[in-house]
Amino acid sequence: MTDDRNRSIDRRQMLAGMACGAAAAAAAPKLPAADKAPAARWKMKLATSSIQYSKLPIEQACERIAALGFEGIDIWSGHAGCPHLDDVQKRLGADGLKKLLAKTKLTLYSFSVYRGGYRRYAKLLGEAGGGVAIHGAGGKAKRGQLTASMKAMFERLKPEAELAEKYNSYVAIENHGGSLLNTLDSFKAFVELNTSPRLGIALAPYHLQGLKASVPEAITIAGKQLFFFYAWQRQRGTAQLPGIGTTDCVPWIKALAKINYRWYVNPFMHHEPKPDEMSAALAKSRDYLRACYAKAAAATT
């Protein structure tokens with residue numbers, strides 16, 4: 001009898017425990033699905049480019065960018081007369097740049113070296129702490145020769161990849177209308193043929209929109225090889241900036257979250273207005289991108 005009674009008690013305790021466990025499981029909050037987990041964890045970081053203040057000295061450009069709450073800075077070489085990177089190289093040097101960035105509490109994100117090229121600034125970038133150097137692909141793919149043309153580009157980029165390794169930096173190739181890196185197919189070819197962890201893509205939605213190509217699809221294709229993202233739309237004036245132009249940028253941010261993009265989102269435009277107007281436009285764009293991030297995060301929970 002004693003053994004039967006003990007077995008009965010043990011069985012009741014086991015069933016009660018199972019019931020409690022089931023109730024606890026039902027009450028527990030549901031975790032995001034596995035494919036949504038990276039988006040739920042992803043934190044958006046914002047930077048912007050010094051060329052937005054090309055008429056100001058680099059010190060004042062940094063002060064303006066920092067005052068707007070941006071975390072990182074992309075410093076431009078002489079495109080469209082921007083003096084900043086050459087001035088840093090000649091006058092400040094790596095130590096002076098590091099002091100300036102420490103003073104303004106900005107992180108060095110990148111050098112845009114469309115004019116001058118990466119090799120000219122590689123040592124400076126490395127000594128300043130390392131980052132991303134951005135330039136175009138150059139050339140065009142002849143019909144039916146995309147793979148061959150892309151392989152030839154990577155062969156030309158080998159010395160840059162070696163420099164990037166030496167100076168703890170990266171090189172990002174921007175897509176541009178009419179260039180080798182342009183279409184979604186060229187993005188696919190780049191990702192498939194690239195064998196260097198130091199080489200990646202700088203994605204400009206402005207040029208993709210000119211082809212009516214999907215920006216989120218391009219982000220997805222680039223994946224871990226996406227090193228720079230221009231938050232830049234194909235409109236005129238300050239409407240090139242997110243939140244001022246008409247593009248809904250929430251899908252862009254969702255796509256960046258899905259690939260767990262590790263770098264900065266960089267609102268950008270060409271032909272910048274005077275500094276005060278530029279600051280007002282960037283502030284509006286900053287707030288809009290933060291709102292897009294909040295919407296993207298809410299959609300994953």
# chains A, B, ... in the order shown; residues from 1 in each chain; ligands from 1
>>> select_by_dssp(residues="region 66-257 of chain A", states="strand (DSSP E or B)", output="PyMOL selection string")
chain A and resi 72-76+107-112+132-136+170-174+199-203+226-231
>>> residues_around(residues="region 51-53 of chain A", least_positions_apart="2", cutoff="7 Å", atoms="only C-alpha atoms", output="list in words")
Ser49, Lys55, Leu56, Ala61, Trp76, Cys82, Glu272 and Pro275 of chain A
>>> closest_residue(among="A:Val113, A:Leu181, A:Ala80, A:Val171", to="Met153 (chain A)", atoms="only C-alpha atoms")
A:Leu181
>>> residues_around(residues="Thr247 (chain A)", least_positions_apart="5", cutoff="10 Å", atoms="only C-alpha atoms", output="list of chain:residue names")
A:Trp232, A:Gln233, A:Arg234, A:Gln235, A:Ala239, A:Gln240, A:Leu241, A:Pro242, A:Trp252
>>> write_last_selection(atoms="C-alpha atoms", output="mmCIF file, in the first residue's frame")
data_model
loop_
_atom_site.group_PDB
_atom_site.id
_atom_site.type_symbol
_atom_site.label_atom_id
_atom_site.label_comp_id
_atom_site.auth_asym_id
_atom_site.auth_seq_id
_atom_site.Cartn_x
_atom_site.Cartn_y
_atom_site.Cartn_z
ATOM 1 C CA TRP A 232 20.404 59.611 -50.937
ATOM 2 C CA GLN A 233 17.449 59.753 -53.333
ATOM 3 C CA ARG A 234 17.118 60.807 -56.952
ATOM 4 C CA GLN A 235 15.586 64.245 -56.596
ATOM 5 C CA ALA A 239 15.009 66.824 -51.642
ATOM 6 C CA GLN A 240 17.891 64.409 -52.300
ATOM 7 C CA LEU A 241 17.914 63.897 -48.530
ATOM 8 C CA PRO A 242 15.644 61.357 -46.790
ATOM 9 C CA TRP A 252 15.760 50.729 -46.890
#
>>> select_by_dssp(residues="region 86-168 of chain A", states="alpha helix (DSSP H)", output="ChimeraX atom specification")
/A:86-87,93-104,118-127,146-166
>>> closest_residue(among="A:Ala94, A:Pro251, A:Ile173, A:Thr48", to="Met269 (chain A)", atoms="only C-alpha atoms")
A:Thr48
>>> atom_distance(atom1="CA of Arg64 (chain A)", atom2="CA of Asn260 (chain A)")
28.7 Å
>>> closest_atom_pairs(of="region 147-218 of chain A", to="region 122-134 of chain A", cutoff="10 Å", atoms="only C-alpha atoms", output="JSON lines")
{"residue": "A:Glu160", "atom": "CA", "partner": "A:Ala122", "partner_atom": "CA", "distance": 8.7}
{"residue": "A:Leu163", "atom": "CA", "partner": "A:Ala122", "partner_atom": "CA", "distance": 6.8}
{"residue": "A:Ala164", "atom": "CA", "partner": "A:Ala122", "partner_atom": "CA", "distance": 7.2}
{"residue": "A:Glu165", "atom": "CA", "partner": "A:Gly126", "partner_atom": "CA", "distance": 9.6}
{"residue": "A:Lys166", "atom": "CA", "partner": "A:Gly126", "partner_atom": "CA", "distance": 8.2}
{"residue": "A:Tyr167", "atom": "CA", "partner": "A:Gly126", "partner_atom": "CA", "distance": 4.4}
{"residue": "A:Asn168", "atom": "CA", "partner": "A:Gly130", "partner_atom": "CA", "distance": 5.5}
{"residue": "A:Ser169", "atom": "CA", "partner": "A:Gly130", "partner_atom": "CA", "distance": 4.8}
{"residue": "A:Tyr170", "atom": "CA", "partner": "A:Val132", "partner_atom": "CA", "distance": 4.6}
{"residue": "A:Val171", "atom": "CA", "partner": "A:Ala133", "partner_atom": "CA", "distance": 4.8}
{"residue": "A:Ala172", "atom": "CA", "partner": "A:Ile134", "partner_atom": "CA", "distance": 4.8}
{"residue": "A:Ile173", "atom": "CA", "partner": "A:Ile134", "partner_atom": "CA", "distance": 5.9}
{"residue": "A:Glu174", "atom": "CA", "partner": "A:Ile134", "partner_atom": "CA", "distance": 6.8}
{"residue": "A:Arg198", "atom": "CA", "partner": "A:Val132", "partner_atom": "CA", "distance": 9.2}
{"residue": "A:Leu199", "atom": "CA", "partner": "A:Val132", "partner_atom": "CA", "distance": 9.4}
{"residue": "A:Gly200", "atom": "CA", "partner": "A:Val132", "partner_atom": "CA", "distance": 9.4}
{"residue": "A:Ile201", "atom": "CA", "partner": "A:Ile134", "partner_atom": "CA", "distance": 8.6}
{"residue": "A:Ala202", "atom": "CA", "partner": "A:Ile134", "partner_atom": "CA", "distance": 6.9}
>>> atom_distance(atom1="CA of Pro159 (chain A)", atom2="CA of Tyr118 (chain A)")
10.3 Å
>>> closest_residue(among="A:Ser54, A:Ser149, A:Thr104, A:Asn266", to="Asp74 (chain A)", atoms="only C-alpha atoms")
A:Asn266
>>> closest_residue(among="A:Gln60, A:Phe228, A:Lys188, A:Ser179", to="Ser112 (chain A)", atoms="only C-alpha atoms")
A:Phe228
>>> residues_around(residues="Leu92 (chain A)", least_positions_apart="3", cutoff="12 Å", atoms="only C-alpha atoms", output="PyMOL selection string")
chain A and resi 57-59+84-89+95-101+124+128
>>> closest_residue(among="A:Leu108, A:Lys151, A:Gly223, A:Phe229", to="Asn194 (chain A)", atoms="only C-alpha atoms")
A:Lys151
